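Novice: Dropping in run.cif, which is mmCIF, C-alpha atoms:
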```cif
data_data
#
loop_
_atom_site.label_atom_id
_atom_site.label_comp_id
_atom_site.auth_asym_id
_atom_site.auth_seq_id
_atom_site.Cartn_x
_atom_site.Cartn_y
_atom_site.Cartn_z
CA MET A 1 105.04 124.09 85.46
CA ARG A 2 108.04 125.99 86.81
CA PRO A 3 109.09 125.78 90.42
CA PRO A 4 107.63 128.53 92.55
CA SER A 5 109.23 131.93 92.47
CA HIS A 6 111.57 132.58 95.38
CA THR A 7 109.76 135.80 96.17
CA SER A 8 106.21 134.54 96.44
CA THR A 9 104.74 131.40 97.81
CA ASP A 10 102.40 128.84 96.32
CA GLU A 11 99.96 129.85 99.01
CA ALA A 12 99.94 133.51 97.97
CA ARG A 13 99.44 132.52 94.33
CA GLU A 14 96.63 130.18 95.31
CA VAL A 15 94.84 132.96 97.18
CA LEU A 16 95.18 135.30 94.22
CA TRP A 17 94.04 132.71 91.69
CA THR A 18 91.07 131.78 93.86
CA GLY A 19 89.91 135.37 93.57
CA ILE A 20 90.64 135.49 89.86
CA LEU A 21 88.74 132.27 89.16
CA GLY A 22 85.80 133.36 91.33
CA ALA A 23 85.59 136.61 89.38
CA ALA A 24 85.97 134.73 86.07
CA LYS A 25 82.99 132.52 86.89
CA HIS A 26 81.02 135.60 87.89
CA LEU A 27 81.92 137.37 84.63
CA GLY A 28 81.07 134.28 82.62
CA LYS A 29 77.80 133.92 84.60
CA ARG A 30 78.73 130.39 85.60
CA GLU A 31 78.37 128.60 88.87
CA TRP A 32 81.31 128.93 91.19
CA GLN A 33 82.31 126.17 93.53
CA PRO A 34 84.30 127.63 96.38
CA THR A 35 87.59 125.96 97.05
CA ARG A 36 88.70 124.75 100.43
CA ARG A 37 89.23 127.35 103.10
CA GLN A 38 92.63 128.99 102.76
CA SER A 39 94.79 130.30 105.54
CA ALA A 40 94.28 133.96 106.30
CA VAL A 41 97.99 134.82 106.49
CA VAL A 42 100.19 134.03 103.49
CA GLN A 43 103.84 134.73 102.95
CA LEU A 44 104.56 137.15 100.12
CA ARG A 45 108.30 137.34 100.61
CA LYS A 46 110.69 135.26 102.66
CA GLY A 47 113.10 137.22 104.78
CA ALA A 48 115.42 137.10 107.74
CA GLY A 49 114.24 137.02 111.33
CA GLU A 50 113.70 140.77 111.55
CA THR A 51 110.36 142.18 112.61
CA PRO A 52 107.89 140.98 109.97
CA VAL A 53 105.65 143.15 107.85
CA TYR A 54 101.95 142.38 107.40
CA PHE A 55 99.83 143.82 104.62
CA ILE A 56 96.19 144.20 105.63
CA GLY A 57 94.41 142.94 102.53
CA MET A 58 96.17 140.85 99.96
CA GLY A 59 95.97 141.04 96.20
CA VAL A 60 98.18 141.42 93.17
CA VAL A 61 99.14 144.92 94.33
CA GLU A 62 100.49 143.66 97.64
CA LEU A 63 102.22 140.69 96.03
CA ARG A 64 103.94 142.92 93.47
CA LEU A 65 105.00 145.42 96.11
CA ALA A 66 106.37 142.64 98.31
CA GLN A 67 108.41 141.40 95.36
CA LEU A 68 109.74 144.87 94.57
CA ILE A 69 110.61 145.84 98.14
CA LEU A 70 114.30 145.34 98.82
CA SER A 71 114.16 144.56 102.50
CA GLU A 72 115.40 141.68 104.57
CA ARG A 73 112.14 141.53 106.44
CA SER A 74 109.62 138.75 105.90
CA ILE A 75 106.46 140.08 104.30
CA PHE A 76 103.02 138.56 104.74
CA GLY A 77 99.56 139.36 103.46
CA ILE A 78 96.34 138.88 105.41
CA GLU A 79 93.18 138.28 103.44
CA ILE A 80 89.86 137.55 105.10
CA PRO A 81 86.73 136.76 103.07
CA TRP A 82 83.87 139.00 104.17
CA PRO A 83 80.56 137.41 105.20
CA SER A 84 78.05 137.25 102.35
CA ALA A 85 75.52 138.73 104.80
CA TRP A 86 77.44 142.02 104.61
CA ARG A 87 77.15 142.02 100.84
CA ASN A 88 73.40 141.42 101.05
CA ALA A 89 73.13 144.24 103.59
CA ALA A 90 75.16 146.55 101.32
CA ALA A 91 72.94 145.67 98.35
CA ARG A 92 69.84 146.52 100.40
CA ASN A 93 71.61 149.57 101.85
CA ASP A 94 70.70 148.21 105.27
CA VAL A 95 73.18 150.20 107.34
CA GLU A 96 72.17 148.49 110.59
CA ALA A 97 73.45 145.17 109.29
CA LEU A 98 76.72 146.57 107.95
CA PRO A 99 79.90 146.08 110.02
CA THR A 100 81.55 148.63 112.29
CA MET A 101 85.32 149.16 112.19
CA ASP A 102 85.69 146.83 115.20
CA GLN A 103 83.78 144.07 113.43
CA LEU A 104 85.64 144.64 110.17
CA VAL A 105 89.07 144.46 111.75
CA ALA A 106 88.48 141.73 114.35
CA PRO A 107 89.21 138.71 112.08
CA TYR A 108 92.43 140.33 110.81
CA VAL A 109 93.55 140.89 114.40
CA ALA A 110 92.67 137.32 115.32
CA ALA A 111 94.80 136.07 112.42
CA LEU A 112 97.64 138.40 113.43
CA ARG A 113 97.51 137.22 117.04
CA VAL A 114 97.87 133.62 115.96
CA HIS A 115 100.68 134.40 113.53
CA ALA A 116 102.69 137.13 115.25
CA GLY A 117 101.71 136.50 118.86
CA SER A 118 103.26 139.12 121.11
CA SER A 119 106.29 139.64 118.84
CA PRO A 120 106.85 143.06 117.29
CA CYS A 121 105.45 143.60 113.82
CA LEU A 122 104.72 146.29 111.24
CA LEU A 123 101.35 146.78 109.56
CA VAL A 124 100.77 148.19 106.08
CA GLY A 125 97.60 149.09 104.22
CA HIS A 126 96.70 150.85 101.00
CA SER A 127 93.81 153.31 100.96
CA PHE A 128 91.01 152.12 103.29
CA ASN A 129 93.14 149.12 104.26
CA GLY A 130 95.51 151.65 105.84
CA LEU A 131 92.75 152.79 108.17
CA MET A 132 92.04 149.14 108.97
CA ALA A 133 95.76 148.60 109.67
CA PHE A 134 95.70 151.57 112.06
CA HIS A 135 92.70 150.24 113.96
CA ALA A 136 94.07 146.69 113.89
CA ALA A 137 97.26 148.06 115.52
CA HIS A 138 95.13 149.49 118.34
CA GLN A 139 93.34 146.20 118.87
CA LEU A 140 96.49 144.11 118.63
CA ASN A 141 98.37 146.28 121.12
CA GLU A 142 95.44 146.10 123.52
CA GLN A 143 95.55 142.31 123.27
CA GLY A 144 99.24 142.02 124.09
CA GLY A 145 100.75 142.46 120.62
CA LYS A 146 103.39 144.99 119.69
CA VAL A 147 102.93 147.00 116.52
CA GLU A 148 106.06 149.11 116.00
CA MET A 149 104.95 151.00 112.94
CA VAL A 150 101.90 151.48 110.75
CA VAL A 151 102.58 152.25 107.09
CA LEU A 152 99.74 154.04 105.33
CA LEU A 153 99.67 154.03 101.56
CA ASP A 154 97.71 157.13 100.63
CA THR A 155 95.14 156.66 103.37
CA GLU A 156 92.87 159.45 104.54
CA THR A 157 91.33 159.45 108.02
CA GLU A 158 87.91 160.48 106.80
CA ASP A 159 85.92 160.70 103.63
CA LEU A 160 84.59 164.24 103.59
CA ALA A 161 81.56 164.95 101.44
CA PRO A 162 82.23 167.49 98.65
CA HIS A 163 80.09 170.15 100.34
CA GLN A 164 82.06 169.74 103.60
CA VAL A 165 85.36 170.17 101.77
CA ALA A 166 83.99 173.14 99.83
CA TRP A 167 82.75 174.81 103.00
CA GLN A 168 86.14 174.45 104.72
CA LEU A 169 87.95 175.73 101.63
CA LEU A 170 85.66 178.74 101.38
CA GLN A 171 86.29 179.50 105.04
CA LYS A 172 90.03 179.44 104.32
CA VAL A 173 89.66 181.70 101.29
CA TRP A 174 87.61 184.26 103.20
CA ALA A 175 89.30 183.88 106.59
CA ARG A 176 91.10 187.21 106.29
CA ALA A 177 88.76 190.16 106.13
CA PRO A 178 89.35 192.34 103.06
CA ASP A 179 90.53 195.88 103.49
CA LEU A 180 87.38 197.96 103.28
CA ARG A 181 89.13 200.93 101.60
CA LEU A 182 88.42 200.56 97.91
CA THR A 183 91.91 200.50 96.51
CA ASP A 184 93.02 198.55 93.41
CA ARG A 185 94.68 196.05 95.70
CA THR A 186 91.50 195.44 97.66
CA LEU A 187 89.48 195.00 94.48
CA ARG A 188 92.06 192.56 93.10
CA SER A 189 91.98 190.60 96.36
CA ILE A 190 88.18 190.38 96.34
CA ALA A 191 88.12 189.46 92.66
CA SER A 192 90.68 186.73 93.25
CA ARG A 193 88.70 185.33 96.19
CA LEU A 194 85.49 185.39 94.17
CA ARG A 195 87.23 183.49 91.37
CA SER A 196 88.49 180.88 93.87
CA SER A 197 85.05 180.64 95.45
CA TRP A 198 83.38 180.10 92.08
CA SER A 199 85.93 177.42 91.21
CA ILE A 200 85.40 175.64 94.56
CA THR A 201 81.61 175.86 94.30
CA ARG A 202 81.61 174.57 90.72
CA ARG A 203 83.76 171.58 91.58
CA MET A 204 81.66 170.83 94.64
CA LEU A 205 78.45 170.97 92.60
CA ILE A 206 79.86 168.61 89.95
CA LYS A 207 80.97 166.12 92.61
CA GLU A 208 77.68 166.34 94.50
CA MET A 209 75.70 165.81 91.28
CA ARG A 210 77.78 162.74 90.45
CA GLY A 211 77.16 161.40 93.95
CA LEU A 212 73.45 162.10 93.66
CA GLY A 213 73.37 160.34 90.29
CA ARG A 214 74.94 157.26 91.84
CA ARG A 215 72.36 157.27 94.63
CA ILE A 216 69.43 157.61 92.22
CA VAL A 217 70.72 155.01 89.78
CA PRO A 218 72.24 152.31 91.97
CA ASP A 219 75.54 151.23 90.51
CA ARG A 220 77.34 148.19 91.88
CA GLY A 221 80.51 149.35 90.18
CA VAL A 222 83.29 147.22 88.83
CA LEU A 223 84.00 143.75 90.06
CA THR A 224 86.84 143.43 92.56
CA MET A 225 88.96 140.52 93.73
CA LYS A 226 87.58 140.78 97.27
CA LEU A 227 85.73 137.54 97.98
CA ASP A 228 82.94 136.78 100.38
CA ASP A 229 82.79 133.59 102.44
CA LEU A 230 81.01 131.82 99.58
CA GLY A 231 83.84 132.65 97.20
CA ILE A 232 81.83 135.25 95.28
CA PRO A 233 83.64 138.48 94.40
CA TRP A 234 82.39 141.84 95.67
CA HIS A 235 81.51 144.77 93.45
CA TRP A 236 83.31 148.01 94.23
CA GLY A 237 80.07 149.94 94.70
CA LEU A 238 79.00 147.60 97.50
CA MET A 239 82.43 147.64 99.15
CA LYS A 240 82.28 151.42 99.10
CA ARG A 241 79.00 151.29 101.00
CA VAL A 242 80.68 149.20 103.69
CA TYR A 243 83.56 151.67 103.87
CA SER A 244 81.30 154.72 103.94
CA ASN A 245 79.21 153.22 106.69
CA VAL A 246 82.31 152.45 108.78
CA LEU A 247 83.63 155.98 108.28
CA ARG A 248 80.38 157.50 109.50
CA SER A 249 81.00 156.25 113.03
CA TYR A 250 84.77 155.67 113.18
CA ARG A 251 86.96 158.29 114.85
CA PRO A 252 90.67 157.38 114.91
CA ARG A 253 92.43 157.93 118.23
CA CYS A 254 96.08 158.33 119.15
CA LEU A 255 98.20 155.20 118.69
CA ASP A 256 101.41 154.46 120.58
CA CYS A 257 103.72 153.71 117.65
CA ARG A 258 105.35 155.33 114.62
CA GLY A 259 103.44 156.16 111.51
CA VAL A 260 104.60 156.60 107.94
CA LEU A 261 102.28 158.06 105.34
CA PHE A 262 103.16 157.57 101.69
CA ARG A 263 101.21 160.28 99.97
CA SER A 264 100.33 160.31 96.29
CA GLU A 265 100.65 163.31 94.01
CA SER A 266 97.64 165.56 93.79
CA GLY A 267 95.14 164.20 91.35
CA ASP A 268 91.41 164.45 91.39
CA GLU A 269 91.62 164.16 95.18
CA SER A 270 93.51 167.44 95.50
CA PHE A 271 90.17 169.12 96.21
CA ALA A 272 90.06 167.53 99.67
CA ARG A 273 93.80 167.37 100.15
CA THR A 274 94.32 171.09 100.02
CA LEU A 275 92.78 171.13 103.49
CA ASP A 276 95.38 168.95 105.17
CA ASP A 277 98.73 167.73 103.81
CA THR A 278 98.82 164.97 106.42
CA LEU A 279 95.46 163.60 105.22
CA GLY A 280 94.22 163.82 108.81
CA TRP A 281 97.07 161.89 110.48
CA SER A 282 98.98 164.81 112.02
CA ASN A 283 98.38 164.03 115.69
CA LEU A 284 97.45 160.36 115.71
CA PHE A 285 100.87 158.73 116.19
CA LYS A 286 102.48 159.10 119.62
CA ARG A 287 105.97 158.32 118.26
CA GLY A 288 105.70 160.63 115.29
CA LEU A 289 104.45 160.65 111.75
CA GLU A 290 106.70 160.73 108.72
CA ILE A 291 105.28 161.79 105.37
CA VAL A 292 106.80 160.50 102.17
CA GLN A 293 105.74 161.99 98.87
CA VAL A 294 105.70 159.45 96.03
CA THR A 295 104.77 159.61 92.36
CA GLY A 296 101.39 158.66 90.91
CA ASN A 297 97.87 159.32 92.08
CA HIS A 298 95.80 157.41 94.61
CA ASP A 299 95.06 154.56 92.22
CA THR A 300 98.34 154.42 90.32
CA ILE A 301 100.92 154.62 93.14
CA THR A 302 100.67 150.84 93.45
CA ARG A 303 100.79 150.18 89.70
CA PRO A 304 103.68 150.20 87.23
CA PRO A 305 105.75 152.31 86.86
CA HIS A 306 104.98 154.12 90.15
CA ASP A 307 105.02 150.91 92.21
CA ARG A 308 108.81 150.78 91.82
CA THR A 309 109.18 154.28 93.29
CA LEU A 310 106.88 153.35 96.15
CA ALA A 311 108.72 150.08 96.78
CA ARG A 312 112.09 151.88 96.83
CA ALA A 313 110.81 154.42 99.33
CA MET A 314 109.21 151.70 101.45
CA SER A 315 112.46 149.69 101.43
CA LYS A 316 114.34 152.65 102.87
CA ILE A 317 111.77 153.11 105.61
CA LEU A 318 111.52 149.41 106.47
CA ASP A 319 115.26 148.90 106.78
CA ARG A 320 115.94 152.06 108.70
CA ARG A 321 116.32 152.20 112.44
CA ALA A 322 113.41 153.87 114.20
CA ASP A 323 115.40 156.93 115.22
CA ALA A 324 117.38 157.37 112.03
CA ILE A 325 115.77 160.03 109.89
CA THR A 326 118.98 161.00 108.16
CA PRO A 327 119.84 164.11 106.16
CA GLU A 328 120.40 161.90 103.07
CA LEU A 329 116.81 160.73 103.29
CA GLU A 330 115.59 164.28 103.52
CA ARG A 331 117.73 165.25 100.55
CA SER A 332 116.78 162.23 98.44
CA GLY A 333 114.02 164.00 96.58
CA HIS A 334 110.80 162.33 97.54
CA LEU A 335 111.34 161.77 101.26
CA THR A 336 110.23 164.35 103.74
CA ALA A 337 110.73 163.87 107.42
CA ASN A 338 107.86 165.18 109.48
CA PRO A 339 108.08 164.35 113.14
CA GLY A 340 104.40 165.00 113.67
CA ARG A 341 103.02 166.05 117.02
CA GLU A 342 102.66 164.27 120.32
CA CYS A 343 99.12 163.20 121.03
CA MET B 344 98.17 135.79 72.85
CA LEU B 345 95.35 137.47 70.91
CA ALA B 346 92.91 136.93 73.77
CA ILE B 347 95.33 138.62 76.19
CA GLU B 348 95.70 141.59 73.88
CA LYS B 349 91.93 141.86 73.47
CA VAL B 350 91.38 141.85 77.22
CA ALA B 351 94.10 144.50 77.69
CA GLU B 352 92.34 146.61 75.06
CA ASP B 353 88.90 146.14 76.65
CA TYR B 354 90.18 147.13 80.08
CA GLU B 355 92.47 149.86 78.75
CA ARG B 356 95.63 148.32 80.14
CA THR B 357 99.06 148.62 78.57
CA LEU B 358 100.75 145.30 78.00
CA VAL B 359 104.48 144.87 78.15
CA PRO B 360 105.94 142.72 75.30
CA LEU B 361 104.74 139.19 75.99
CA THR B 362 107.21 136.34 76.30
CA ASP B 363 106.84 132.85 77.71
CA ASP B 364 109.00 133.74 80.71
CA LEU B 365 107.11 136.91 81.61
CA ALA B 366 105.36 136.70 84.98
CA LEU B 367 101.61 137.14 84.50
CA PHE B 368 101.36 139.71 87.26
CA ASP B 369 104.08 141.75 85.53
CA SER B 370 102.36 141.65 82.15
CA GLY B 371 100.32 144.80 82.69
CA LEU B 372 97.14 142.83 83.40
CA ASP B 373 95.72 143.08 86.90
CA SER B 374 93.73 140.35 88.58
CA LEU B 375 90.42 141.55 87.15
CA CYS B 376 91.88 141.40 83.63
CA LEU B 377 93.10 137.86 84.31
CA ALA B 378 89.58 136.95 85.43
CA ALA B 379 88.20 138.38 82.20
CA LEU B 380 90.82 136.43 80.26
CA VAL B 381 89.89 133.16 81.97
CA ALA B 382 86.17 133.81 81.32
CA ARG B 383 86.89 134.65 77.69
CA LEU B 384 89.05 131.57 77.13
CA GLU B 385 86.38 129.38 78.69
CA ASP B 386 83.83 130.84 76.26
CA GLU B 387 86.09 130.44 73.24
CA LEU B 388 87.75 127.12 74.00
CA MET B 389 84.97 125.48 76.04
CA VAL B 390 87.45 124.26 78.60
CA ASP B 391 88.29 125.27 82.13
CA PRO B 392 91.69 123.86 83.00
CA PHE B 393 91.32 124.99 86.60
CA THR B 394 88.42 122.68 87.34
CA THR B 395 89.54 119.80 85.16
CA SER B 396 91.53 118.60 88.11
CA GLU B 397 91.33 119.25 91.83
CA VAL B 398 95.07 119.82 91.91
CA VAL B 399 96.28 122.64 89.67
CA ASP B 400 99.64 124.35 89.69
CA PHE B 401 98.50 127.91 89.28
CA PRO B 402 100.35 129.56 86.40
CA VAL B 403 103.19 131.93 87.15
CA THR B 404 104.20 133.01 83.66
CA VAL B 405 102.52 133.64 80.33
CA GLY B 406 104.12 130.39 79.12
CA ASP B 407 102.59 128.48 82.05
CA LEU B 408 99.13 129.83 81.21
CA LEU B 409 99.48 128.92 77.54
CA ALA B 410 100.71 125.43 78.41
CA LEU B 411 97.80 124.94 80.81
CA TYR B 412 95.22 125.79 78.14
CA GLU B 413 97.03 123.91 75.37
CA HIS B 414 96.96 120.84 77.53
CA ALA B 415 93.32 121.31 78.50
CA VAL B 416 92.29 121.73 74.85
CA LYS B 417 94.33 118.73 73.75
CA TYR B 418 93.15 116.43 76.54
CA PRO B 419 89.80 117.80 77.68
CA ALA B 420 88.67 114.59 79.31
CA ALA B 421 92.00 113.46 80.70
CA ASP B 422 92.47 113.32 84.42
CA LEU B 423 95.57 115.46 84.91
CA ARG B 424 96.32 113.81 88.20
CA ASP B 425 96.67 110.40 86.68
CA GLU B 426 100.11 110.14 85.16
CA THR B 427 99.33 106.68 83.78
CA THR B 428 96.34 108.02 81.91
CA LEU B 429 98.36 110.92 80.59
CA ALA B 430 101.17 108.65 79.46
CA HIS B 431 98.62 106.51 77.69
CA VAL B 432 97.02 109.48 75.99
CA ASN B 433 100.40 110.78 74.94
CA GLY B 434 101.22 107.40 73.45
#
```
What would the structure in this file look like if it were written as structure tokens?
Specialist:
Amino acid sequence: MRPPSHTSTDEAREVLWTGILGAAKHLGKREWQPTRRQSAVVQLRKGAGETPVYFIGMGVVELRLAQLILSERSIFGIEIPWPSAWRNAAARNDVEALPTMDQLVAPYVAALRVHAGSSPCLLVGHSFNGLMAFHAAHQLNEQGGKVEMVVLLDTETEDLAPHQVAWQLLQKVWARAPDLRLTDRTLRSIASRLRSSWSITRRMLIKEMRGLGRRIVPDRGVLTMKLDDLGIPWHWGLMKRVYSNVLRSYRPRCLDCRGVLFRSESGDESFARTLDDTLGWSNLFKRGLEIVQVTGNHDTITRPPHDRTLARAMSKILDRRADAITPELERSGHLTANPGREC
Amino acid sequence: MLAIEKVAEDYERTLVPLTDDLALFDSGLDSLCLAALVARLEDELMVDPFTTSEVVDFPVTVGDLLALYEHAVKYPAADLRDETTLAHVNG
């Protein structure tokens, strides 16, 4: 066997392979014997003594990104197995037994407190993990930590139901009252709005029907690499129930640090995204929000070839001084400075 | 190599050209594909090199993975931790 790569540690590889082997046993319908308990925080990239970066959630995506990022900072991943009781609750759809955001984030914060102490740090999370990073930053700061920046990789603040998105879009379309004089222009305007409304309603109906189908025919979805405390991998459908339940009660509040949102290109999600370019983050960072447009959609921004674009953009952000949003960055094509609003 | 290609096909992933030195996580397979590959190899070869020994150097490259399975197939009952045993088996 070759010596370990200089960019990842044995520990990170062990965590990843533990997930892979757990899923392999599950796929092969064989008994899985959990390995010894691993540490929650693993180093993904060794760096200089600068403020370290912590990924909330750790998998191949985070390891690859850490390898591709050209920054002097040390990069760590935090992976916490979820209690098997949560999985059972998700399978039964027992919402009372599912975790709240506080409960979900608490073990990550505990691991961060032990590892980072009161030293400054940066938190990163992809998709829902971004929301967890944001809430973890709140908890850590309240407990004496110092989160300087939260990096959100295509994270939305809420998961609007299709009919909610459709209703808001229709309100936008019809916000301006049409001119009641029946001119050609008025007729064209009404026709155009009716076309838009039909398109919005059709898309909403399709999405709602898909959602209804999933509720009627329970689908556990694909297997993921997220393990429970018995070493058994979670199915995506059950994880989604946990996320949806958290989002029902979670309301993000203003955080005293900088925020950077890496936003994917419009894909299927554009339906909801037309409502808010900031994906709901516009007034949640006291020290400003920067939005960086990257290539790929929500799922592919972290996969080849888009992961290289994302890593390049992240490198620039990570190695930049807090107050240095330079004209070159703004001119560089995919970087957009957006100071956000005070909250 | 065939098993890897089959898994990539099943999961609709695009593989980069495979070489011994290629890092597994750069191959185009994600962790779920690697899990499917391990399950498939266990079915086909009837060995699980990861539980043959308590101490396993997890593979980094395609070559590492191949070597791990080649060894497990060749010496299914050998205790990989015991260098004396291995030396004896190797003659």
Novice: Quick check on the file I pasted: which residues fall under the PyMOL selection byres ((chain A) within 6 of (chain B))? Write them as number ranges by chain.
Specialist: A: 20, 23-24, 28
Novice: What residues come out when you apply the PyMOL selection byres ((chain A and resi 247) around 12) to this file, written as a short mmCIF file (atom, residue, chain, number, x, y, z; two decimals) with C-alpha atoms, in the coordinates of the input?
Specialist:
```cif
data_model
loop_
_atom_site.label_atom_id
_atom_site.label_comp_id
_atom_site.auth_asym_id
_atom_site.auth_seq_id
_atom_site.Cartn_x
_atom_site.Cartn_y
_atom_site.Cartn_z
CA VAL A 95 73.18 150.20 107.34
CA LEU A 98 76.72 146.57 107.95
CA PRO A 99 79.90 146.08 110.02
CA THR A 100 81.55 148.63 112.29
CA MET A 101 85.32 149.16 112.19
CA ASP A 102 85.69 146.83 115.20
CA LEU A 104 85.64 144.64 110.17
CA PHE A 128 91.01 152.12 103.29
CA LEU A 131 92.75 152.79 108.17
CA MET A 132 92.04 149.14 108.97
CA GLU A 156 92.87 159.45 104.54
CA THR A 157 91.33 159.45 108.02
CA GLU A 158 87.91 160.48 106.80
CA ASP A 159 85.92 160.70 103.63
CA LEU A 160 84.59 164.24 103.59
CA ALA A 161 81.56 164.95 101.44
CA LYS A 240 82.28 151.42 99.10
CA ARG A 241 79.00 151.29 101.00
CA VAL A 242 80.68 149.20 103.69
CA TYR A 243 83.56 151.67 103.87
CA SER A 244 81.30 154.72 103.94
CA ASN A 245 79.21 153.22 106.69
CA VAL A 246 82.31 152.45 108.78
CA ARG A 248 80.38 157.50 109.50
CA SER A 249 81.00 156.25 113.03
CA TYR A 250 84.77 155.67 113.18
CA ARG A 251 86.96 158.29 114.85
CA PRO A 252 90.67 157.38 114.91
#
```
Novice: Where's the centre, and what are the edge lengths in Å to one decimal, of a box along x, y and z enclosing all listed atoms of segment 8-12 of chain A padded 8 Å per side, as lines of an AutoDock Vina configuration file?
Specialist:
```
center_x = 103.1
center_y = 131.7
center_z = 97.7
size_x = 22.3
size_y = 21.7
size_z = 18.7
```
Novice: When the PyMOL selection byres ((chain A and resi 140-155) around 8) is applied to the file above, which residues end up in the set, as a ChimeraX atom specification?
Specialist: /A:109,112-113,116-131,133-134,136-139,156-157,257-264,279,298
Novice: Using all atoms listed in the file, pick whichever of A:Arg92, A:His135, A:Arg253, A:Arg185 has the shortest atom-to-atom distance to Leu238 of chain A.
Specialist: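 With all atoms listed in the file as the atom set, the closest residue is A:Arg92.
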